[in-house]
$ cat query-v5.cif   # mmCIF, C-alpha atoms
data_input
#
loop_
_atom_site.group_PDB
_atom_site.id
_atom_site.type_symbol
_atom_site.label_atom_id
_atom_site.label_comp_id
_atom_site.auth_asym_id
_atom_site.auth_seq_id
_atom_site.Cartn_x
_atom_site.Cartn_y
_atom_site.Cartn_z
ATOM 1 C CA MET Z 100 -119.785 -52.892 15.299
ATOM 2 C CA PRO Z 101 -119.373 -50.060 17.869
ATOM 3 C CA GLU Z 102 -119.605 -46.485 16.710
ATOM 4 C CA GLY Z 103 -116.301 -45.268 15.315
ATOM 5 C CA GLN Z 104 -115.040 -48.695 14.337
ATOM 6 C CA GLY Z 105 -115.033 -50.115 10.840
ATOM 7 C CA HIS Z 106 -113.923 -48.003 7.891
ATOM 8 C CA VAL Z 107 -111.637 -45.170 8.936
ATOM 9 C CA ALA Z 108 -112.793 -42.088 7.071
ATOM 10 C CA ALA Z 109 -110.092 -39.620 6.076
ATOM 11 C CA ARG Z 110 -111.079 -35.966 6.344
ATOM 12 C CA GLU Z 111 -110.195 -33.559 3.560
ATOM 13 C CA ASN Z 112 -106.493 -32.631 3.736
ATOM 14 C CA GLY Z 113 -106.014 -35.264 6.434
ATOM 15 C CA PRO Z 114 -103.702 -38.287 6.282
ATOM 16 C CA VAL Z 115 -104.327 -41.304 4.059
ATOM 17 C CA SER Z 116 -106.527 -43.887 5.753
ATOM 18 C CA ILE Z 117 -107.388 -47.372 4.478
ATOM 19 C CA GLY Z 118 -109.648 -50.044 5.910
ATOM 20 C CA GLU Z 119 -110.656 -50.795 9.487
ATOM 21 C CA VAL Z 120 -109.246 -50.770 13.002
ATOM 22 C CA PRO Z 121 -110.752 -52.571 16.024
ATOM 23 C CA TRP Z 122 -110.923 -49.551 18.332
ATOM 24 C CA THR Z 123 -112.425 -46.082 18.670
ATOM 25 C CA ARG Z 124 -111.115 -42.671 19.622
ATOM 26 C CA ALA Z 125 -113.457 -42.655 22.626
ATOM 27 C CA GLU Z 126 -111.837 -45.871 23.858
ATOM 28 C CA MET Z 127 -108.423 -44.239 23.557
ATOM 29 C CA VAL Z 128 -109.465 -41.222 25.604
ATOM 30 C CA ALA Z 129 -110.955 -43.486 28.272
ATOM 31 C CA GLU Z 130 -107.581 -45.162 28.905
ATOM 32 C CA LEU Z 131 -105.321 -42.107 29.053
ATOM 33 C CA GLU Z 132 -105.531 -41.852 32.847
ATOM 34 C CA ASP Z 133 -104.639 -45.526 33.357
ATOM 35 C CA PHE Z 134 -101.615 -45.251 31.099
ATOM 36 C CA ALA Z 135 -100.398 -42.084 32.814
ATOM 37 C CA ARG Z 136 -100.214 -44.069 36.062
ATOM 38 C CA LEU Z 137 -98.323 -46.880 34.318
ATOM 39 C CA TYR Z 138 -95.940 -44.370 32.735
ATOM 40 C CA GLU Z 139 -94.937 -43.169 36.190
ATOM 41 C CA ARG Z 140 -93.389 -46.624 36.712
ATOM 42 C CA ARG Z 141 -91.318 -46.619 33.513
ATOM 43 C CA PRO Z 142 -87.725 -47.816 33.983
ATOM 44 C CA ILE Z 143 -86.113 -45.067 31.863
ATOM 45 C CA ARG Z 144 -86.967 -41.555 32.994
ATOM 46 C CA ASP Z 145 -85.286 -39.737 30.098
ATOM 47 C CA ASN Z 146 -85.913 -41.506 26.792
ATOM 48 C CA ARG Z 147 -85.084 -38.695 24.399
ATOM 49 C CA GLY Z 148 -84.333 -40.226 21.020
ATOM 50 C CA GLY Z 149 -86.815 -43.019 21.733
ATOM 51 C CA MET Z 150 -90.558 -43.313 22.297
ATOM 52 C CA THR Z 151 -92.396 -41.164 24.809
ATOM 53 C CA THR Z 152 -96.109 -40.809 25.607
ATOM 54 C CA PRO Z 153 -97.477 -39.951 22.115
ATOM 55 C CA HIS Z 154 -96.409 -43.359 20.766
ATOM 56 C CA LEU Z 155 -96.002 -45.394 23.948
ATOM 57 C CA PHE Z 156 -99.648 -44.842 24.845
ATOM 58 C CA MET Z 157 -100.964 -45.675 21.377
ATOM 59 C CA THR Z 158 -98.818 -48.803 21.154
ATOM 60 C CA TRP Z 159 -99.885 -49.998 24.614
ATOM 61 C CA PHE Z 160 -103.525 -49.254 23.804
ATOM 62 C CA ALA Z 161 -103.486 -51.143 20.488
ATOM 63 C CA LEU Z 162 -101.507 -54.158 21.697
ATOM 64 C CA ARG Z 163 -103.914 -54.745 24.574
ATOM 65 C CA ARG Z 164 -106.665 -55.137 21.984
ATOM 66 C CA LEU Z 165 -104.703 -57.169 19.449
ATOM 67 C CA LYS Z 166 -103.389 -59.614 22.098
ATOM 68 C CA PRO Z 167 -100.558 -61.047 19.957
ATOM 69 C CA LYS Z 168 -98.819 -64.289 20.851
ATOM 70 C CA ALA Z 169 -95.462 -62.914 19.685
ATOM 71 C CA ILE Z 170 -93.898 -59.473 19.186
ATOM 72 C CA VAL Z 171 -90.849 -58.754 17.029
ATOM 73 C CA GLU Z 172 -89.322 -55.384 17.928
ATOM 74 C CA SER Z 173 -86.798 -54.040 15.411
ATOM 75 C CA GLY Z 174 -84.916 -51.071 16.864
ATOM 76 C CA LEU Z 175 -84.544 -50.885 20.654
ATOM 77 C CA TRP Z 176 -82.809 -47.617 21.580
ATOM 78 C CA GLN Z 177 -82.656 -47.800 25.422
ATOM 79 C CA GLY Z 178 -85.267 -50.533 25.866
ATOM 80 C CA GLN Z 179 -88.333 -48.555 26.935
ATOM 81 C CA GLY Z 180 -90.426 -50.092 24.158
ATOM 82 C CA THR Z 181 -89.535 -53.594 25.311
ATOM 83 C CA TRP Z 182 -90.718 -52.748 28.818
ATOM 84 C CA LEU Z 183 -93.950 -51.404 27.346
ATOM 85 C CA PHE Z 184 -94.577 -54.613 25.375
ATOM 86 C CA GLU Z 185 -94.201 -56.592 28.602
ATOM 87 C CA GLN Z 186 -96.833 -54.435 30.281
ATOM 88 C CA ALA Z 187 -99.295 -54.629 27.388
ATOM 89 C CA CYS Z 188 -98.821 -58.322 26.522
ATOM 90 C CA PRO Z 189 -97.429 -60.204 29.533
ATOM 91 C CA ASP Z 190 -97.829 -63.601 27.852
ATOM 92 C CA ALA Z 191 -96.383 -62.766 24.421
ATOM 93 C CA GLU Z 192 -93.025 -64.058 23.190
ATOM 94 C CA LEU Z 193 -90.624 -61.140 22.679
ATOM 95 C CA TYR Z 194 -87.890 -60.900 20.047
ATOM 96 C CA CYS Z 195 -85.751 -57.766 20.302
ATOM 97 C CA LEU Z 196 -83.434 -56.773 17.447
ATOM 98 C CA ASP Z 197 -80.842 -54.019 17.125
ATOM 99 C CA PRO Z 198 -77.385 -53.944 15.501
ATOM 100 C CA ASP Z 199 -76.058 -51.897 18.436
ATOM 101 C CA MET Z 200 -77.060 -52.968 21.966
ATOM 102 C CA SER Z 201 -74.647 -50.588 23.713
ATOM 103 C CA ARG Z 202 -77.371 -48.037 24.578
ATOM 104 C CA LEU Z 203 -79.695 -50.512 26.307
ATOM 105 C CA LYS Z 204 -80.694 -49.568 29.842
ATOM 106 C CA TYR Z 205 -83.532 -52.073 30.150
ATOM 107 C CA ARG Z 206 -83.273 -55.745 29.181
ATOM 108 C CA SER Z 207 -86.211 -58.102 29.499
ATOM 109 C CA PRO Z 208 -85.512 -61.514 31.027
ATOM 110 C CA ARG Z 209 -88.310 -62.808 28.807
ATOM 111 C CA ALA Z 210 -86.951 -61.564 25.486
ATOM 112 C CA THR Z 211 -84.699 -63.164 22.889
ATOM 113 C CA TYR Z 212 -82.118 -60.604 21.726
ATOM 114 C CA SER Z 213 -80.276 -60.451 18.408
ATOM 115 C CA THR Z 214 -78.028 -58.008 16.549
ATOM 116 C CA ALA Z 215 -79.002 -59.521 13.180
ATOM 117 C CA ASP Z 216 -81.412 -57.626 10.940
ATOM 118 C CA PHE Z 217 -85.077 -58.621 10.921
ATOM 119 C CA ALA Z 218 -84.878 -59.686 7.262
ATOM 120 C CA THR Z 219 -82.115 -62.227 7.945
ATOM 121 C CA HIS Z 220 -84.081 -64.190 10.575
ATOM 122 C CA ASP Z 221 -86.195 -67.285 9.986
ATOM 123 C CA TRP Z 222 -89.594 -66.441 11.507
ATOM 124 C CA ARG Z 223 -91.472 -69.517 10.292
ATOM 125 C CA HIS Z 224 -92.070 -70.721 13.852
ATOM 126 C CA LEU Z 225 -94.157 -67.637 14.680
ATOM 127 C CA PRO Z 226 -97.963 -67.637 14.248
ATOM 128 C CA ARG Z 227 -98.849 -65.849 11.009
ATOM 129 C CA GLU Z 228 -102.041 -64.242 12.315
ATOM 130 C CA ASP Z 229 -100.929 -63.493 15.883
ATOM 131 C CA THR Z 230 -97.505 -61.872 15.569
ATOM 132 C CA VAL Z 231 -96.879 -58.128 15.814
ATOM 133 C CA PHE Z 232 -93.927 -56.637 13.945
ATOM 134 C CA PHE Z 233 -92.942 -53.288 15.435
ATOM 135 C CA PHE Z 234 -90.402 -51.311 13.410
ATOM 136 C CA ASP Z 235 -88.553 -48.493 15.144
ATOM 137 C CA ASP Z 236 -85.352 -49.016 13.181
ATOM 138 C CA HIS Z 237 -85.235 -46.073 10.748
ATOM 139 C CA GLN Z 238 -85.162 -48.333 7.698
ATOM 140 C CA ASN Z 239 -87.113 -48.283 4.430
ATOM 141 C CA ALA Z 240 -90.710 -49.076 5.461
ATOM 142 C CA TYR Z 241 -91.808 -49.860 1.906
ATOM 143 C CA GLU Z 242 -89.121 -52.539 1.605
ATOM 144 C CA ARG Z 243 -89.950 -53.880 5.070
ATOM 145 C CA LEU Z 244 -93.543 -54.463 3.945
ATOM 146 C CA LYS Z 245 -92.432 -56.328 0.835
ATOM 147 C CA THR Z 246 -90.198 -58.569 2.957
ATOM 148 C CA LEU Z 247 -93.052 -59.314 5.372
ATOM 149 C CA LYS Z 248 -95.361 -60.211 2.514
ATOM 150 C CA TRP Z 249 -92.711 -62.548 1.075
ATOM 151 C CA MET Z 250 -92.386 -64.176 4.514
ATOM 152 C CA GLY Z 251 -96.147 -64.695 4.734
ATOM 153 C CA PHE Z 252 -96.928 -62.174 7.501
ATOM 154 C CA ARG Z 253 -99.813 -59.827 6.746
ATOM 155 C CA GLN Z 254 -101.267 -58.846 10.120
ATOM 156 C CA HIS Z 255 -100.350 -56.322 12.787
ATOM 157 C CA ILE Z 256 -97.439 -54.217 11.539
ATOM 158 C CA PHE Z 257 -96.388 -50.948 13.172
ATOM 159 C CA PHE Z 258 -93.990 -48.287 11.897
ATOM 160 C CA GLU Z 259 -92.865 -45.789 14.507
ATOM 161 C CA ASP Z 260 -90.636 -43.636 12.265
ATOM 162 C CA ASN Z 261 -93.444 -42.628 9.894
ATOM 163 C CA TYR Z 262 -91.993 -39.246 8.987
ATOM 164 C CA PRO Z 263 -93.560 -36.774 6.524
ATOM 165 C CA PRO Z 264 -91.700 -35.459 3.453
ATOM 166 C CA LEU Z 265 -88.410 -33.642 4.073
ATOM 167 C CA ARG Z 266 -88.252 -34.940 7.647
ATOM 168 C CA GLY Z 267 -86.620 -37.925 9.252
ATOM 169 C CA ASP Z 268 -83.857 -40.248 8.138
ATOM 170 C CA CYS Z 269 -85.720 -43.028 6.312
ATOM 171 C CA TYR Z 270 -88.286 -43.725 3.591
ATOM 172 C CA SER Z 271 -91.621 -43.958 5.398
ATOM 173 C CA LEU Z 272 -95.064 -45.041 4.247
ATOM 174 C CA LYS Z 273 -96.244 -41.469 4.813
ATOM 175 C CA LYS Z 274 -93.604 -40.246 2.365
ATOM 176 C CA ALA Z 275 -94.649 -42.934 -0.121
ATOM 177 C CA PHE Z 276 -98.325 -41.972 0.081
ATOM 178 C CA MET Z 277 -97.355 -38.331 -0.491
ATOM 179 C CA HIS Z 278 -95.218 -39.264 -3.561
ATOM 180 C CA ALA Z 279 -92.248 -37.604 -1.873
ATOM 181 C CA GLY Z 280 -89.419 -40.066 -2.314
ATOM 182 C CA PHE Z 281 -86.477 -39.802 0.040
ATOM 183 C CA GLY Z 282 -83.038 -38.242 -0.039
ATOM 184 C CA HIS Z 283 -80.410 -38.861 2.609
ATOM 185 C CA ALA Z 284 -81.018 -36.794 5.749
ATOM 186 C CA GLU Z 285 -77.945 -34.694 5.020
ATOM 187 C CA LEU Z 286 -79.537 -33.626 1.733
ATOM 188 C CA THR Z 287 -83.166 -33.278 2.809
ATOM 189 C CA LEU Z 288 -82.645 -31.597 6.159
ATOM 190 C CA GLY Z 289 -79.657 -29.447 5.290
ATOM 191 C CA ARG Z 290 -77.532 -30.987 8.046
ATOM 192 C CA PRO Z 291 -75.519 -34.171 8.569
ATOM 193 C CA PRO Z 292 -77.223 -37.250 10.048
ATOM 194 C CA SER Z 293 -76.997 -37.532 13.827
ATOM 195 C CA LEU Z 294 -74.351 -39.677 15.495
ATOM 196 C CA GLY Z 295 -76.998 -42.266 16.360
ATOM 197 C CA GLN Z 296 -78.163 -42.422 12.747
ATOM 198 C CA ARG Z 297 -74.606 -42.838 11.471
ATOM 199 C CA VAL Z 298 -73.840 -45.564 14.029
ATOM 200 C CA ARG Z 299 -76.992 -47.492 13.115
ATOM 201 C CA GLN Z 300 -76.326 -47.314 9.382
ATOM 202 C CA ALA Z 301 -72.678 -48.329 9.844
ATOM 203 C CA ALA Z 302 -73.695 -51.285 12.011
ATOM 204 C CA LEU Z 303 -76.190 -52.461 9.410
ATOM 205 C CA ARG Z 304 -73.645 -52.181 6.607
ATOM 206 C CA ALA Z 305 -71.147 -54.169 8.705
ATOM 207 C CA LEU Z 306 -73.762 -56.913 9.002
ATOM 208 C CA GLY Z 307 -74.222 -56.947 5.233
ATOM 209 C CA VAL Z 308 -77.679 -55.343 5.351
ATOM 210 C CA PRO Z 309 -78.241 -52.941 2.430
ATOM 211 C CA THR Z 310 -79.152 -49.393 3.428
ATOM 212 C CA LEU Z 311 -80.987 -47.144 1.007
ATOM 213 C CA ASP Z 312 -80.048 -43.464 0.855
ATOM 214 C CA ARG Z 313 -82.334 -42.300 -1.953
ATOM 215 C CA VAL Z 314 -85.794 -42.966 -3.356
ATOM 216 C CA THR Z 315 -86.803 -40.884 -6.370
ATOM 217 C CA PRO Z 316 -90.138 -39.058 -5.887
ATOM 218 C CA ASN Z 317 -92.839 -41.176 -7.500
ATOM 219 C CA ALA Z 318 -96.534 -42.097 -7.445
ATOM 220 C CA THR Z 319 -95.953 -45.799 -8.110
ATOM 221 C CA ASP Z 320 -95.178 -46.736 -4.511
ATOM 222 C CA ALA Z 321 -98.461 -45.195 -3.331
ATOM 223 C CA THR Z 322 -100.352 -47.073 -6.053
ATOM 224 C CA TYR Z 323 -98.905 -50.387 -4.892
ATOM 225 C CA LEU Z 324 -99.613 -49.552 -1.257
ATOM 226 C CA HIS Z 325 -103.275 -48.913 -2.066
ATOM 227 C CA GLN Z 326 -103.310 -52.173 -4.010
ATOM 228 C CA ASN Z 327 -101.722 -54.276 -1.249
ATOM 229 C CA LEU Z 328 -102.858 -52.825 2.075
ATOM 230 C CA ALA Z 329 -106.030 -53.895 3.850
ATOM 231 C CA THR Z 330 -105.443 -51.320 6.597
ATOM 232 C CA TYR Z 331 -103.353 -48.193 6.920
ATOM 233 C CA TYR Z 332 -104.064 -46.156 10.027
ATOM 234 C CA GLU Z 333 -102.109 -43.251 11.471
ATOM 235 C CA PHE Z 334 -102.681 -42.965 15.193
ATOM 236 C CA PRO Z 335 -103.840 -39.485 16.172
ATOM 237 C CA PRO Z 336 -101.731 -37.232 18.351
ATOM 238 C CA ILE Z 337 -103.013 -36.907 21.893
ATOM 239 C CA TYR Z 338 -102.345 -33.175 21.729
ATOM 240 C CA LYS Z 339 -101.227 -31.106 18.760
ATOM 241 C CA HIS Z 340 -99.002 -28.094 19.335
ATOM 242 C CA ALA Z 341 -99.081 -25.055 17.056
ATOM 243 C CA ARG Z 342 -95.567 -25.849 15.845
ATOM 244 C CA THR Z 343 -93.853 -29.117 14.976
ATOM 245 C CA ARG Z 344 -90.770 -30.569 16.638
ATOM 246 C CA TRP Z 345 -88.815 -28.873 13.810
ATOM 247 C CA GLY Z 346 -90.149 -25.413 14.665
ATOM 248 C CA ASP Z 347 -92.452 -24.724 11.712
ATOM 249 C CA ALA Z 348 -96.254 -24.520 11.616
ATOM 250 C CA TRP Z 349 -98.009 -27.844 12.213
ATOM 251 C CA GLU Z 350 -100.518 -27.615 9.376
ATOM 252 C CA ASP Z 351 -102.001 -30.134 6.959
ATOM 253 C CA THR Z 352 -100.250 -29.011 3.771
ATOM 254 C CA ASN Z 353 -96.872 -30.335 4.896
ATOM 255 C CA TYR Z 354 -97.970 -32.438 7.863
ATOM 256 C CA PRO Z 355 -101.397 -34.012 7.269
ATOM 257 C CA THR Z 356 -102.407 -35.256 10.705
ATOM 258 C CA ALA Z 357 -105.479 -36.823 12.280
ATOM 259 C CA ASP Z 358 -107.365 -34.636 14.741
ATOM 260 C CA PRO Z 359 -105.847 -34.787 18.243
ATOM 261 C CA LEU Z 360 -107.682 -36.656 20.979
ATOM 262 C CA LEU Z 361 -107.600 -33.679 23.355
ATOM 263 C CA SER Z 362 -107.360 -29.913 23.032
ATOM 264 C CA GLU Z 363 -107.076 -28.756 26.656
ATOM 265 C CA VAL Z 364 -105.209 -30.039 29.711
ATOM 266 C CA GLU Z 365 -107.999 -30.699 32.186
ATOM 267 C CA THR Z 366 -106.388 -33.106 34.674
ATOM 268 C CA ALA Z 367 -102.965 -33.533 36.239
ATOM 269 C CA ALA Z 368 -102.543 -36.888 34.479
ATOM 270 C CA GLN Z 369 -102.987 -35.247 31.077
ATOM 271 C CA ARG Z 370 -100.110 -32.817 31.541
ATOM 272 C CA VAL Z 371 -97.381 -35.301 30.577
ATOM 273 C CA TYR Z 372 -99.135 -35.915 27.262
ATOM 274 C CA TRP Z 373 -99.096 -32.184 26.533
ATOM 275 C CA GLU Z 374 -95.455 -31.802 27.566
ATOM 276 C CA GLU Z 375 -94.316 -34.653 25.302
ATOM 277 C CA ALA Z 376 -96.671 -33.961 22.375
ATOM 278 C CA GLY Z 377 -93.823 -32.754 20.156
ATOM 279 C CA ALA Z 378 -92.355 -36.280 19.989
ATOM 280 C CA TYR Z 379 -95.210 -37.460 17.732
ATOM 281 C CA THR Z 380 -94.044 -38.933 14.397
ATOM 282 C CA TRP Z 381 -97.234 -40.327 12.815
ATOM 283 C CA LEU Z 382 -97.028 -43.868 14.215
ATOM 284 C CA CYS Z 383 -99.004 -46.154 11.908
ATOM 285 C CA TYR Z 384 -100.687 -49.570 12.005
ATOM 286 C CA VAL Z 385 -100.752 -51.662 8.838
ATOM 287 C CA ARG Z 386 -102.314 -54.887 7.630
ATOM 288 C CA LEU Z 387 -101.479 -56.369 4.239
ATOM 289 C CA GLY Z 388 -104.317 -57.543 2.023
#

$ encode --input "query-v5.cif" --output "structure tokens"
Amino acid sequence: MPEGQGHVAARENGPVSIGEVPWTRAEMVAELEDFARLYERRPIRDNRGGMTTPHLFMTWFALRRLKPKAIVESGLWQGQGTWLFEQACPDAELYCLDPDMSRLKYRSPRATYSTADFATHDWRHLPREDTVFFFDDHQNAYERLKTLKWMGFRQHIFFEDNYPPLRGDCYSLKKAFMHAGFGHAELTLGRPPSLGQRVRQAALRALGVPTLDRVTPNATDATYLHQNLATYYEFPPIYKHARTRWGDAWEDTNYPTADPLLSEVETAAQRVYWEEAGAYTWLCYVRLG
């Protein structure tokens, strides 16, 4: 096994890490230049509110190694992620889900689109070991995992909205591991949810999908995650600014984070990664045991 692969060691005060991933940090760094050239061809120039280079690169990098036969994308925003999946996995079947398609600027001719929630679909036709589920839908990640396990899918699960305690608008695995629970964004952030968040929640309720506003702080969820996960891996930031996207210090007490891939901007291609570094939200890769 190449150096850096295998068990992912968590440094003291760093994020939780479980199991193995089939790639190394050195391999990530080696592909940054190639992705920067691809990113220049992206169909949506301004994707604020959706993924930018911190997560687009890591997703592209990982999918090219996993080579799934199918990808289920839950949460589309403007469609930049769908375009990325096409670039990374040109032969994969694509299923794109969102209760509100009105924001889409990019539609794939290859994809099957649906406004129904992921949990209401019958996925039995998809290969159990070769399907990626990519969640960028701001829903309860802990419940999503339980649904996937019930459906028989254990491999290749990504959560893009993996917010730390007191941040974000959903219950993330990072919050669960930190025993933080979740209160509605209006309560935890001291401000009302954004228009986009309210629209998404209203659309889900209209479809009969339960939305969860509160999770009491607890250690039980973390215990069950350790018991049921074969892999939990938080992708590192490419760069790490001194302050978070919320304006406070980016330190490990409140924001345990893997070491960034780079510390200095040394080439022109690296500059976009530095400029968009604040969009990082602890994207994670999960495999159920």

$ resolve_selection --input "query-v5.cif" --expression "the PyMOL selection byres ((chain Z and resi 182-196) around 8)" --output "ChimeraX atom specification"
/Z:141-142,155,159-160,162-163,166-175,178-181,197-198,205,207,209-217

$ resolve_selection --input "query-v5.cif" --expression "the PyMOL selection byres ((chain Z and resi 234-242) around 10)" --output "MDAnalysis selection string"
chainID Z and resid 149:150 171:176 180 196:198 216:217 231:233 243:248 256:262 267:275 281 296 299:300 309:314 320:321 323:324 382

$ axis_aligned_box --input "query-v5.cif" --around "range 326-336 of chain Z" --padding-each-side "5 Å" --output "AutoDock Vina command-line options"
--center_x -103.9 --center_y -45.8 --center_z 7.2 --size_x 14.3 --size_y 27.0 --size_z 32.4

$ atom_distance --input "query-v5.cif" --atom1 "CA of Cys383 in chain Z" --atom2 "CA of Pro263 in chain Z"
12.1 Å

$ atom_distance --input "query-v5.cif" --atom1 "CA of Tyr379 in chain Z" --atom2 "CA of Gly118 in chain Z"
22.5 Å

$ resolve_selection --input "query-v5.cif" --expression "the PyMOL selection byres ((chain Z and resi 328) around 9)" --output "list in words"
Ile117, Gly118, Arg253, Tyr323, Leu324, His325, Gln326, Asn327, Ala329, Thr330, Tyr331, Val385, Arg386, Leu387 and Gly388 of chain Z

$ residues_near_point --input "query-v5.cif" --point "(-102.9, -31.2, 8.2)" --cutoff "10 Å" --atoms "all atoms listed in the file" --output "list in words"
Arg110, Glu111, Asn112, Gly113, Pro114, Trp349, Glu350, Asp351, Thr352, Asn353, Tyr354, Pro355, Thr356, Ala357 and Asp358 of chain Z

$ residues_around --input "query-v5.cif" --residues "Arg223 in chain Z" --least-positions-apart "5" --cutoff "10 Å" --atoms "all atoms listed in the file" --output "ChimeraX atom specification"
/Z:250-252

$ atom_distance --input "query-v5.cif" --atom1 "CA of Glu333 in chain Z" --atom2 "CA of Trp381 in chain Z"
5.8 Å

$ closest_residue --input "query-v5.cif" --among "Z:Leu361, Z:Leu165, Z:Ile337, Z:Leu203" --to "Gln254 in chain Z" --atoms "all atoms listed in the file"
Z:Leu165

$ closest_residue --input "query-v5.cif" --among "Z:His340, Z:His255, Z:Arg147, Z:Arg202" --to "Val120 in chain Z" --atoms "all atoms listed in the file"
Z:His255

$ closest_residue --input "query-v5.cif" --among "Z:Met157, Z:Asp347, Z:Asp145, Z:Gly280" --to "Ala318 in chain Z" --atoms "all atoms listed in the file"
Z:Gly280

$ residues_around --input "query-v5.cif" --residues "Pro359 in chain Z" --least-positions-apart "4" --cutoff "7 Å" --atoms "only C-alpha atoms" --output "compact mmCIF listing (two decimals) with C-alpha atoms, in the frame of the given file"
# COMPACT_ATOMS: atom_id res chain seq x y z
CA PRO Z 335 -103.84 -39.48 16.17
CA PRO Z 336 -101.73 -37.23 18.35
CA ILE Z 337 -103.01 -36.91 21.89
CA TYR Z 338 -102.34 -33.17 21.73
CA LYS Z 339 -101.23 -31.11 18.76
